[in-house]
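Have a look at the structure below before the remarks.
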Amino acid sequence: MTRARRMPLATVVTVLVLSLLTAWLTLLARAGALGTGFLSWYAGAWAVFAVAVVALRRVPRRQVVPLVCAGALMVTATGLVAAPRTSTDSYRYAWDGRVQAAGISPYDHAPADRALAGLQDTWLFPSARTCREKGGELAPLADGRCTRINRPAVHTIYPPVAEGWFLLVHALSPQESRHKGLQTGSALLALGVTGLLLGVLRRRGDPRQAALWAWCPAVPVEAVNNAHVDVLAVLLSVGALALLARRRHVMGGALLGLAIAAKLLPALLVPGAVSGVRRPRTLVTVTLAAAAAVALTYLPYVLTSQGSVFGYLGGYAQEEGYDDASAGSRFALLRLVLPDTWALPAAVVGVIAASVAAWWRGDPRRPWHASLLITGTAFLLLTPGYSWYALLLIALVALDGRWEWLGVAVAGAVAYLAGPVTGTPGVTAAYAAAAVVVIAGGWARRATSAPPTEPRQEGATPAPARGR
């Protein structure tokens, strides 16, 4: 059989596997499984996703972009078929949007505050009967009522760009749309990320890599179904790195600042965003543009809020054990070899060391390479317990093509869904396995790739060719 006859078969196989992935994710969203039961189905979706990505390698290049786009539409749509399955964060988003539409700062009142009783409808604050029937699924209130909003007694922690997104979705959503407005908006953002990735990779890489985001099961589950605002931060982050790779330093820095003001996690990208850059002027331009964007987005809320615009952020860090390693499953890998009290400073030193190394050896034409190393290292050192944090990591994997880092995203899902059952040992095992995959993948990549060349510094010109 000739190569020309084999290629259409590869396309057919990829379409069939994508169809299976779409059906699998639809069943996952509609099934009633939770916790480890959900994780079992979710793991199956990741396995089918891996097969689809491998099959895509044999597809003719001219068919790759249409196929990635079609698959993105199919996979993303599965997140819209059910109400949020594994997280209640979107209910807080809906509440914050509603509060702002009423002319009230979201940082001034907790959802349970009786001063906002006029905004507490039966969707977010169900009837007493519903509270009795679904008590385990809803957050109890001090007066005997309940709510779908988690942590109803504390103020919001979301940064200003996220709050602006919540307000925008509230304003554009039809009345009584409930969770559908946020899910639909998040689906559009997820598809926007796919479009940006394809735009970058068609010029600077292989467009097949975009499937690592577009078809990844975490996107319909976390970005669409659970409508996590992280997808907004991912869109802004990818746009920022794309601009910086084209030396659009002011716009790129400003967009990175907006990403940080949407979900603080993209602050990890700052060293990667200027990787390989040696000019002090460029370093200052990017960092000042990012800082100015953060400050300007916070300013309206600072001027209109009575309380702190950081809300419950400090309490959240304590609750998750980031200030006390012995309190939970954070720093799980470091705690295997270090005393608990050393874990936090060791993680800080590790992230700083990775940032400096990635910046020094980085290529300003590919800032996502250093950004992936820094972000992935931070995840392995901090071992976060929330799976949606990895959406940023997945987008960086798609940009850079180092698929082995997807194991960290899988570990985050295991920590979130199975952690309450397995405890710290299960979280440790999941992240340890991810670290092994990252190391093995890196060794395999170096063994099969050409000898590395010296990275080109920003502003450098190629050396003239020498005659023999």
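Going through the structure tokens in order, the chains are called A, B, and so on, while each chain numbers its residues from 1 and the ligands are numbered from 1 in the order shown.
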
Determine, counting only C-alpha atoms, which protein, DNA and RNA residues have an atom within 12 Å of an atom of Lys263 of chain A; residues of the same chain fewer than 6 positions away are not included. Present the result as a list in words.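 Counting only C-alpha atoms, the residues come to Ile157, Tyr158, Pro159, Pro160, Val161, Ala162, Glu163, Trp165, His228, Val229, Asp230, Val231, Leu232, Ala233, Val234, Leu235, Leu236, Ser237, Leu256, Gly257, Val294, Leu313, Trp388, Tyr389, Leu391 and Leu392 of chain A.
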
Please report as a tab-separated table every residue of segment 177-287 of chain A lying within 12 Å of segment 363-383 of chain A, along with the nearest atom pair and their distance in Å (one decimal), using only C-alpha atoms.
```
residue	atom	partner	partner_atom	distance
A:Leu197	CA	A:Trp368	CA	11.5
A:Val200	CA	A:Arg366	CA	10.3
A:Leu201	CA	A:Arg366	CA	10.9
A:Arg203	CA	A:Arg365	CA	11.5
A:Arg204	CA	A:Arg366	CA	8.5
A:Gly205	CA	A:Arg366	CA	10.1
A:Ser237	CA	A:Trp368	CA	9.8
A:Val238	CA	A:Trp368	CA	8.5
A:Gly239	CA	A:Trp368	CA	11.0
A:Ala240	CA	A:Pro367	CA	9.9
A:Leu241	CA	A:Pro367	CA	6.3
A:Ala242	CA	A:Pro367	CA	8.3
A:Leu243	CA	A:Pro367	CA	10.0
A:Leu244	CA	A:Pro367	CA	7.5
A:Ala245	CA	A:Arg365	CA	4.6
A:Arg246	CA	A:Arg365	CA	7.1
A:Arg247	CA	A:Arg365	CA	8.2
A:Arg248	CA	A:Arg365	CA	11.3
A:His249	CA	A:Pro364	CA	10.9
A:Gly252	CA	A:Pro367	CA	11.3
A:Leu265	CA	A:Thr375	CA	8.9
A:Pro266	CA	A:Thr375	CA	8.7
A:Ala267	CA	A:Thr375	CA	9.6
A:Leu268	CA	A:Thr375	CA	6.1
A:Leu269	CA	A:Ser371	CA	5.3
A:Val270	CA	A:Ser371	CA	7.9
A:Pro271	CA	A:Ser371	CA	7.2
A:Gly272	CA	A:Ser371	CA	4.2
A:Ala273	CA	A:Pro367	CA	5.2
A:Val274	CA	A:Pro364	CA	6.6
A:Ser275	CA	A:Pro364	CA	5.6
A:Gly276	CA	A:Asp363	CA	4.8
A:Val277	CA	A:Pro364	CA	6.1
A:Arg278	CA	A:Pro364	CA	9.7
A:Arg279	CA	A:Pro364	CA	11.4
A:Thr282	CA	A:Pro364	CA	11.0
A:Leu283	CA	A:Pro364	CA	11.4
```

Val53 of chain A surroundings by only C-alpha atoms, 12 Å radius, close-in-sequence under 2 positions cut, as an mmCIF file with all heavy atoms, in the first residue's frame:
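selection_24.cif, written as the output of this step:
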```cif
data_model
loop_
_atom_site.group_PDB
_atom_site.id
_atom_site.type_symbol
_atom_site.label_atom_id
_atom_site.label_comp_id
_atom_site.auth_asym_id
_atom_site.auth_seq_id
_atom_site.Cartn_x
_atom_site.Cartn_y
_atom_site.Cartn_z
ATOM 1 N N ALA A 10 -5.352 7.219 8.177
ATOM 2 C CA ALA A 10 -4.971 7.860 9.439
ATOM 3 C C ALA A 10 -5.995 8.920 9.830
ATOM 4 O O ALA A 10 -6.337 9.072 11.013
ATOM 5 C CB ALA A 10 -3.585 8.473 9.314
ATOM 6 N N THR A 11 -6.489 9.658 8.861
ATOM 7 C CA THR A 11 -7.501 10.680 9.151
ATOM 8 C C THR A 11 -8.791 10.046 9.651
ATOM 9 O O THR A 11 -9.395 10.515 10.616
ATOM 10 C CB THR A 11 -7.774 11.516 7.885
ATOM 11 O OG1 THR A 11 -6.553 12.090 7.428
ATOM 12 C CG2 THR A 11 -8.773 12.623 8.187
ATOM 13 N N VAL A 13 -9.137 7.134 11.109
ATOM 14 C CA VAL A 13 -8.915 6.602 12.457
ATOM 15 C C VAL A 13 -8.974 7.720 13.496
ATOM 16 O O VAL A 13 -9.586 7.572 14.564
ATOM 17 C CB VAL A 13 -7.558 5.869 12.519
ATOM 18 C CG1 VAL A 13 -7.203 5.525 13.968
ATOM 19 C CG2 VAL A 13 -7.599 4.609 11.678
ATOM 20 N N THR A 14 -8.364 8.848 13.195
ATOM 21 C CA THR A 14 -8.365 9.970 14.137
ATOM 22 C C THR A 14 -9.783 10.473 14.387
ATOM 23 O O THR A 14 -10.168 10.761 15.523
ATOM 24 C CB THR A 14 -7.490 11.120 13.607
ATOM 25 O OG1 THR A 14 -6.175 10.628 13.341
ATOM 26 C CG2 THR A 14 -7.399 12.249 14.621
ATOM 27 N N VAL A 15 -10.576 10.572 13.322
ATOM 28 C CA VAL A 15 -11.969 11.015 13.473
ATOM 29 C C VAL A 15 -12.756 10.030 14.336
ATOM 30 O O VAL A 15 -13.548 10.432 15.210
ATOM 31 C CB VAL A 15 -12.625 11.181 12.092
ATOM 32 C CG1 VAL A 15 -14.130 11.406 12.240
ATOM 33 C CG2 VAL A 15 -11.992 12.346 11.342
ATOM 34 N N VAL A 17 -11.575 7.994 16.653
ATOM 35 C CA VAL A 17 -11.131 8.091 18.051
ATOM 36 C C VAL A 17 -11.671 9.371 18.685
ATOM 37 O O VAL A 17 -12.084 9.374 19.862
ATOM 38 C CB VAL A 17 -9.593 8.039 18.140
ATOM 39 C CG1 VAL A 17 -9.141 8.201 19.592
ATOM 40 C CG2 VAL A 17 -9.070 6.736 17.577
ATOM 41 N N LEU A 18 -11.707 10.463 17.923
ATOM 42 C CA LEU A 18 -12.286 11.705 18.432
ATOM 43 C C LEU A 18 -13.767 11.534 18.743
ATOM 44 O O LEU A 18 -14.267 12.073 19.736
ATOM 45 C CB LEU A 18 -12.098 12.830 17.414
ATOM 46 C CG LEU A 18 -10.816 13.658 17.506
ATOM 47 C CD1 LEU A 18 -10.750 14.655 16.360
ATOM 48 C CD2 LEU A 18 -10.735 14.386 18.841
ATOM 49 N N LEU A 21 -13.954 9.760 21.963
ATOM 50 C CA LEU A 21 -13.634 10.679 23.055
ATOM 51 C C LEU A 21 -14.821 11.586 23.374
ATOM 52 O O LEU A 21 -15.142 11.820 24.554
ATOM 53 C CB LEU A 21 -12.415 11.525 22.683
ATOM 54 C CG LEU A 21 -11.968 12.584 23.695
ATOM 55 C CD1 LEU A 21 -11.586 11.944 25.027
ATOM 56 C CD2 LEU A 21 -10.800 13.404 23.138
ATOM 57 N N TRP A 46 -8.751 10.312 29.381
ATOM 58 C CA TRP A 46 -7.351 10.683 29.118
ATOM 59 C C TRP A 46 -6.674 9.635 28.236
ATOM 60 O O TRP A 46 -5.868 9.972 27.357
ATOM 61 C CB TRP A 46 -6.590 10.852 30.425
ATOM 62 C CG TRP A 46 -6.735 12.208 31.029
ATOM 63 C CD1 TRP A 46 -7.734 12.652 31.836
ATOM 64 C CD2 TRP A 46 -5.828 13.316 30.860
ATOM 65 N NE1 TRP A 46 -7.521 13.966 32.192
ATOM 66 C CE2 TRP A 46 -6.365 14.397 31.615
ATOM 67 C CE3 TRP A 46 -4.642 13.497 30.180
ATOM 68 C CZ2 TRP A 46 -5.735 15.639 31.680
ATOM 69 C CZ3 TRP A 46 -4.006 14.732 30.242
ATOM 70 C CH2 TRP A 46 -4.562 15.791 30.987
ATOM 71 N N ALA A 47 -7.005 8.366 28.439
ATOM 72 C CA ALA A 47 -6.407 7.308 27.613
ATOM 73 C C ALA A 47 -6.860 7.445 26.158
ATOM 74 O O ALA A 47 -6.048 7.322 25.232
ATOM 75 C CB ALA A 47 -6.783 5.936 28.168
ATOM 76 N N VAL A 48 -8.146 7.691 25.941
ATOM 77 C CA VAL A 48 -8.654 7.877 24.582
ATOM 78 C C VAL A 48 -8.027 9.125 23.956
ATOM 79 O O VAL A 48 -7.676 9.140 22.765
ATOM 80 C CB VAL A 48 -10.194 7.980 24.587
ATOM 81 C CG1 VAL A 48 -10.724 8.225 23.174
ATOM 82 C CG2 VAL A 48 -10.808 6.704 25.160
ATOM 83 N N PHE A 49 -7.890 10.184 24.735
ATOM 84 C CA PHE A 49 -7.233 11.411 24.277
ATOM 85 C C PHE A 49 -5.815 11.122 23.797
ATOM 86 O O PHE A 49 -5.385 11.616 22.731
ATOM 87 C CB PHE A 49 -7.238 12.428 25.417
ATOM 88 C CG PHE A 49 -6.208 13.520 25.322
ATOM 89 C CD1 PHE A 49 -6.255 14.458 24.302
ATOM 90 C CD2 PHE A 49 -5.199 13.628 26.278
ATOM 91 C CE1 PHE A 49 -5.311 15.480 24.227
ATOM 92 C CE2 PHE A 49 -4.263 14.636 26.210
ATOM 93 C CZ PHE A 49 -4.311 15.569 25.181
ATOM 94 N N ALA A 50 -5.081 10.309 24.540
ATOM 95 C CA ALA A 50 -3.714 9.977 24.148
ATOM 96 C C ALA A 50 -3.692 9.249 22.805
ATOM 97 O O ALA A 50 -2.840 9.521 21.949
ATOM 98 C CB ALA A 50 -3.052 9.119 25.228
ATOM 99 N N VAL A 51 -4.626 8.340 22.603
ATOM 100 C CA VAL A 51 -4.704 7.613 21.331
ATOM 101 C C VAL A 51 -5.002 8.587 20.185
ATOM 102 O O VAL A 51 -4.422 8.494 19.097
ATOM 103 C CB VAL A 51 -5.770 6.516 21.400
ATOM 104 C CG1 VAL A 51 -5.956 5.849 20.035
ATOM 105 C CG2 VAL A 51 -5.382 5.461 22.437
ATOM 106 N N ALA A 55 -2.700 9.262 16.914
ATOM 107 C CA ALA A 55 -3.249 9.057 15.566
ATOM 108 C C ALA A 55 -3.077 10.304 14.705
ATOM 109 O O ALA A 55 -2.864 10.210 13.486
ATOM 110 C CB ALA A 55 -4.722 8.671 15.663
ATOM 111 N N LEU A 56 -3.152 11.474 15.330
ATOM 112 C CA LEU A 56 -3.031 12.731 14.590
ATOM 113 C C LEU A 56 -1.664 12.875 13.919
ATOM 114 O O LEU A 56 -1.530 13.579 12.914
ATOM 115 C CB LEU A 56 -3.302 13.912 15.529
ATOM 116 C CG LEU A 56 -3.306 15.312 14.911
ATOM 117 C CD1 LEU A 56 -4.446 15.455 13.910
ATOM 118 C CD2 LEU A 56 -3.411 16.374 16.005
ATOM 119 N N ARG A 57 -0.664 12.218 14.451
ATOM 120 C CA ARG A 57 0.687 12.330 13.894
ATOM 121 C C ARG A 57 0.765 11.829 12.456
ATOM 122 O O ARG A 57 1.628 12.276 11.696
ATOM 123 C CB ARG A 57 1.674 11.552 14.767
ATOM 124 C CG ARG A 57 1.849 12.090 16.169
ATOM 125 C CD ARG A 57 2.843 11.263 16.947
ATOM 126 N NE ARG A 57 3.047 11.766 18.289
ATOM 127 C CZ ARG A 57 3.858 11.201 19.195
ATOM 128 N NH1 ARG A 57 4.553 10.113 18.857
ATOM 129 N NH2 ARG A 57 3.980 11.718 20.395
ATOM 130 N N ARG A 58 -0.098 10.899 12.077
ATOM 131 C CA ARG A 58 -0.062 10.330 10.740
ATOM 132 C C ARG A 58 -0.977 11.054 9.765
ATOM 133 O O ARG A 58 -1.033 10.703 8.584
ATOM 134 C CB ARG A 58 -0.461 8.850 10.805
ATOM 135 C CG ARG A 58 0.394 7.995 11.716
ATOM 136 C CD ARG A 58 1.828 7.907 11.223
ATOM 137 N NE ARG A 58 1.909 7.337 9.887
ATOM 138 C CZ ARG A 58 1.956 6.022 9.636
ATOM 139 N NH1 ARG A 58 1.945 5.152 10.646
ATOM 140 N NH2 ARG A 58 2.036 5.584 8.395
ATOM 141 N N VAL A 59 -1.700 12.044 10.237
ATOM 142 C CA VAL A 59 -2.628 12.785 9.387
ATOM 143 C C VAL A 59 -1.852 13.762 8.512
ATOM 144 O O VAL A 59 -0.919 14.419 8.991
ATOM 145 C CB VAL A 59 -3.664 13.539 10.253
ATOM 146 C CG1 VAL A 59 -4.512 14.492 9.422
ATOM 147 C CG2 VAL A 59 -4.552 12.534 10.983
ATOM 148 N N VAL A 64 -4.558 18.868 9.185
ATOM 149 C CA VAL A 64 -4.383 18.960 10.635
ATOM 150 C C VAL A 64 -5.221 20.086 11.243
ATOM 151 O O VAL A 64 -5.968 19.876 12.206
ATOM 152 C CB VAL A 64 -2.890 19.135 10.983
ATOM 153 C CG1 VAL A 64 -2.725 19.535 12.449
ATOM 154 C CG2 VAL A 64 -2.133 17.849 10.706
ATOM 155 N N LEU A 67 -8.937 19.473 11.278
ATOM 156 C CA LEU A 67 -9.262 18.389 12.190
ATOM 157 C C LEU A 67 -9.129 18.820 13.646
ATOM 158 O O LEU A 67 -9.974 18.470 14.487
ATOM 159 C CB LEU A 67 -8.341 17.196 11.909
ATOM 160 C CG LEU A 67 -8.712 15.854 12.558
ATOM 161 C CD1 LEU A 67 -10.143 15.474 12.234
ATOM 162 C CD2 LEU A 67 -7.755 14.770 12.099
ATOM 163 N N VAL A 68 -8.091 19.587 13.952
ATOM 164 C CA VAL A 68 -7.941 20.096 15.324
ATOM 165 C C VAL A 68 -9.126 20.991 15.695
ATOM 166 O O VAL A 68 -9.682 20.888 16.796
ATOM 167 C CB VAL A 68 -6.611 20.859 15.471
ATOM 168 C CG1 VAL A 68 -6.571 21.614 16.804
ATOM 169 C CG2 VAL A 68 -5.425 19.903 15.401
ATOM 170 N N GLY A 71 -12.287 18.844 16.115
ATOM 171 C CA GLY A 71 -12.196 18.127 17.388
ATOM 172 C C GLY A 71 -12.386 19.041 18.578
ATOM 173 O O GLY A 71 -13.012 18.665 19.583
ATOM 174 N N PRO A 207 1.360 22.558 14.140
ATOM 175 C CA PRO A 207 -0.015 22.789 14.588
ATOM 176 C C PRO A 207 -0.650 21.575 15.250
ATOM 177 O O PRO A 207 -1.669 21.715 15.949
ATOM 178 C CB PRO A 207 -0.749 23.180 13.299
ATOM 179 C CG PRO A 207 0.117 22.714 12.186
ATOM 180 C CD PRO A 207 1.518 22.787 12.698
ATOM 181 N N ARG A 208 -0.072 20.394 15.080
ATOM 182 C CA ARG A 208 -0.601 19.208 15.765
ATOM 183 C C ARG A 208 -0.558 19.381 17.274
ATOM 184 O O ARG A 208 -1.378 18.807 17.998
ATOM 185 C CB ARG A 208 0.194 17.961 15.363
ATOM 186 C CG ARG A 208 -0.036 17.494 13.938
ATOM 187 C CD ARG A 208 0.892 16.329 13.615
ATOM 188 N NE ARG A 208 0.615 15.761 12.293
ATOM 189 C CZ ARG A 208 1.089 16.246 11.155
ATOM 190 N NH1 ARG A 208 1.881 17.319 11.190
ATOM 191 N NH2 ARG A 208 0.787 15.688 10.009
ATOM 192 N N GLN A 209 0.421 20.153 17.746
ATOM 193 C CA GLN A 209 0.551 20.346 19.198
ATOM 194 C C GLN A 209 -0.685 21.016 19.801
ATOM 195 O O GLN A 209 -0.966 20.840 20.991
ATOM 196 C CB GLN A 209 1.794 21.191 19.502
ATOM 197 C CG GLN A 209 3.107 20.499 19.173
ATOM 198 C CD GLN A 209 4.303 21.429 19.297
ATOM 199 O OE1 GLN A 209 5.351 21.180 18.726
ATOM 200 N NE2 GLN A 209 4.161 22.499 20.054
ATOM 201 N N ALA A 210 -1.422 21.792 19.022
ATOM 202 C CA ALA A 210 -2.603 22.473 19.555
ATOM 203 C C ALA A 210 -3.630 21.482 20.070
ATOM 204 O O ALA A 210 -4.432 21.812 20.954
ATOM 205 C CB ALA A 210 -3.225 23.368 18.478
ATOM 206 N N ALA A 211 -3.611 20.250 19.543
ATOM 207 C CA ALA A 211 -4.548 19.231 20.015
ATOM 208 C C ALA A 211 -4.314 18.865 21.473
ATOM 209 O O ALA A 211 -5.223 18.375 22.153
ATOM 210 C CB ALA A 211 -4.451 17.984 19.144
ATOM 211 N N LEU A 212 -3.094 19.099 21.962
ATOM 212 C CA LEU A 212 -2.808 18.801 23.367
ATOM 213 C C LEU A 212 -3.647 19.662 24.299
ATOM 214 O O LEU A 212 -3.882 19.291 25.458
ATOM 215 C CB LEU A 212 -1.314 19.001 23.645
ATOM 216 C CG LEU A 212 -0.371 18.047 22.903
ATOM 217 C CD1 LEU A 212 1.081 18.470 23.095
ATOM 218 C CD2 LEU A 212 -0.583 16.617 23.381
ATOM 219 N N TRP A 213 -4.084 20.812 23.828
ATOM 220 C CA TRP A 213 -5.066 21.614 24.560
ATOM 221 C C TRP A 213 -6.471 21.340 24.048
ATOM 222 O O TRP A 213 -7.389 21.052 24.815
ATOM 223 C CB TRP A 213 -4.767 23.105 24.425
ATOM 224 C CG TRP A 213 -5.914 23.985 24.821
ATOM 225 C CD1 TRP A 213 -6.936 24.438 24.017
ATOM 226 C CD2 TRP A 213 -6.209 24.487 26.137
ATOM 227 N NE1 TRP A 213 -7.830 25.193 24.726
ATOM 228 C CE2 TRP A 213 -7.408 25.240 26.036
ATOM 229 C CE3 TRP A 213 -5.574 24.390 27.370
ATOM 230 C CZ2 TRP A 213 -7.977 25.888 27.135
ATOM 231 C CZ3 TRP A 213 -6.140 25.033 28.473
ATOM 232 C CH2 TRP A 213 -7.324 25.767 28.350
ATOM 233 N N ALA A 214 -6.667 21.422 22.755
ATOM 234 C CA ALA A 214 -8.010 21.398 22.168
ATOM 235 C C ALA A 214 -8.775 20.120 22.467
ATOM 236 O O ALA A 214 -10.005 20.149 22.616
ATOM 237 C CB ALA A 214 -7.905 21.594 20.651
ATOM 238 N N TRP A 215 -8.081 18.997 22.561
ATOM 239 C CA TRP A 215 -8.741 17.724 22.790
ATOM 240 C C TRP A 215 -8.552 17.196 24.205
ATOM 241 O O TRP A 215 -9.046 16.120 24.537
ATOM 242 C CB TRP A 215 -8.213 16.674 21.806
ATOM 243 C CG TRP A 215 -8.378 17.027 20.359
ATOM 244 C CD1 TRP A 215 -9.067 18.082 19.826
ATOM 245 C CD2 TRP A 215 -7.812 16.322 19.239
ATOM 246 N NE1 TRP A 215 -8.979 18.076 18.463
ATOM 247 C CE2 TRP A 215 -8.214 17.013 18.063
ATOM 248 C CE3 TRP A 215 -7.019 15.179 19.115
ATOM 249 C CZ2 TRP A 215 -7.837 16.586 16.791
ATOM 250 C CZ3 TRP A 215 -6.649 14.754 17.843
ATOM 251 C CH2 TRP A 215 -7.065 15.451 16.692
ATOM 252 N N CYS A 216 -7.837 17.911 25.029
ATOM 253 C CA CYS A 216 -7.541 17.424 26.387
ATOM 254 C C CYS A 216 -8.809 17.350 27.228
ATOM 255 O O CYS A 216 -9.585 18.319 27.286
ATOM 256 C CB CYS A 216 -6.524 18.347 27.061
ATOM 257 S SG CYS A 216 -6.052 17.803 28.717
ATOM 258 N N ALA A 398 0.987 22.541 25.112
ATOM 259 C CA ALA A 398 0.596 22.629 23.703
ATOM 260 C C ALA A 398 1.522 23.564 22.926
ATOM 261 O O ALA A 398 1.880 23.279 21.776
ATOM 262 C CB ALA A 398 -0.853 23.102 23.603
ATOM 263 N N GLY A 401 5.167 21.553 23.186
ATOM 264 C CA GLY A 401 5.209 20.196 22.669
ATOM 265 C C GLY A 401 5.777 19.150 23.596
ATOM 266 O O GLY A 401 5.831 17.968 23.230
ATOM 267 N N TRP A 403 5.043 16.838 25.856
ATOM 268 C CA TRP A 403 3.837 16.179 26.345
ATOM 269 C C TRP A 403 4.004 15.556 27.732
ATOM 270 O O TRP A 403 3.028 15.349 28.458
ATOM 271 C CB TRP A 403 3.419 15.082 25.361
ATOM 272 C CG TRP A 403 4.496 14.060 25.126
ATOM 273 C CD1 TRP A 403 5.415 14.044 24.129
ATOM 274 C CD2 TRP A 403 4.796 12.923 25.958
ATOM 275 N NE1 TRP A 403 6.276 12.984 24.257
ATOM 276 C CE2 TRP A 403 5.917 12.269 25.376
ATOM 277 C CE3 TRP A 403 4.240 12.380 27.110
ATOM 278 C CZ2 TRP A 403 6.468 11.111 25.922
ATOM 279 C CZ3 TRP A 403 4.794 11.231 27.657
ATOM 280 C CH2 TRP A 403 5.890 10.612 27.073
#
```

So the first atom is atom CA of Asp89 of chain A and the second is atom CA of Gln183 of chain A; what is the distance between them in Å, to one decimal place?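 The value is 11.8 Å.
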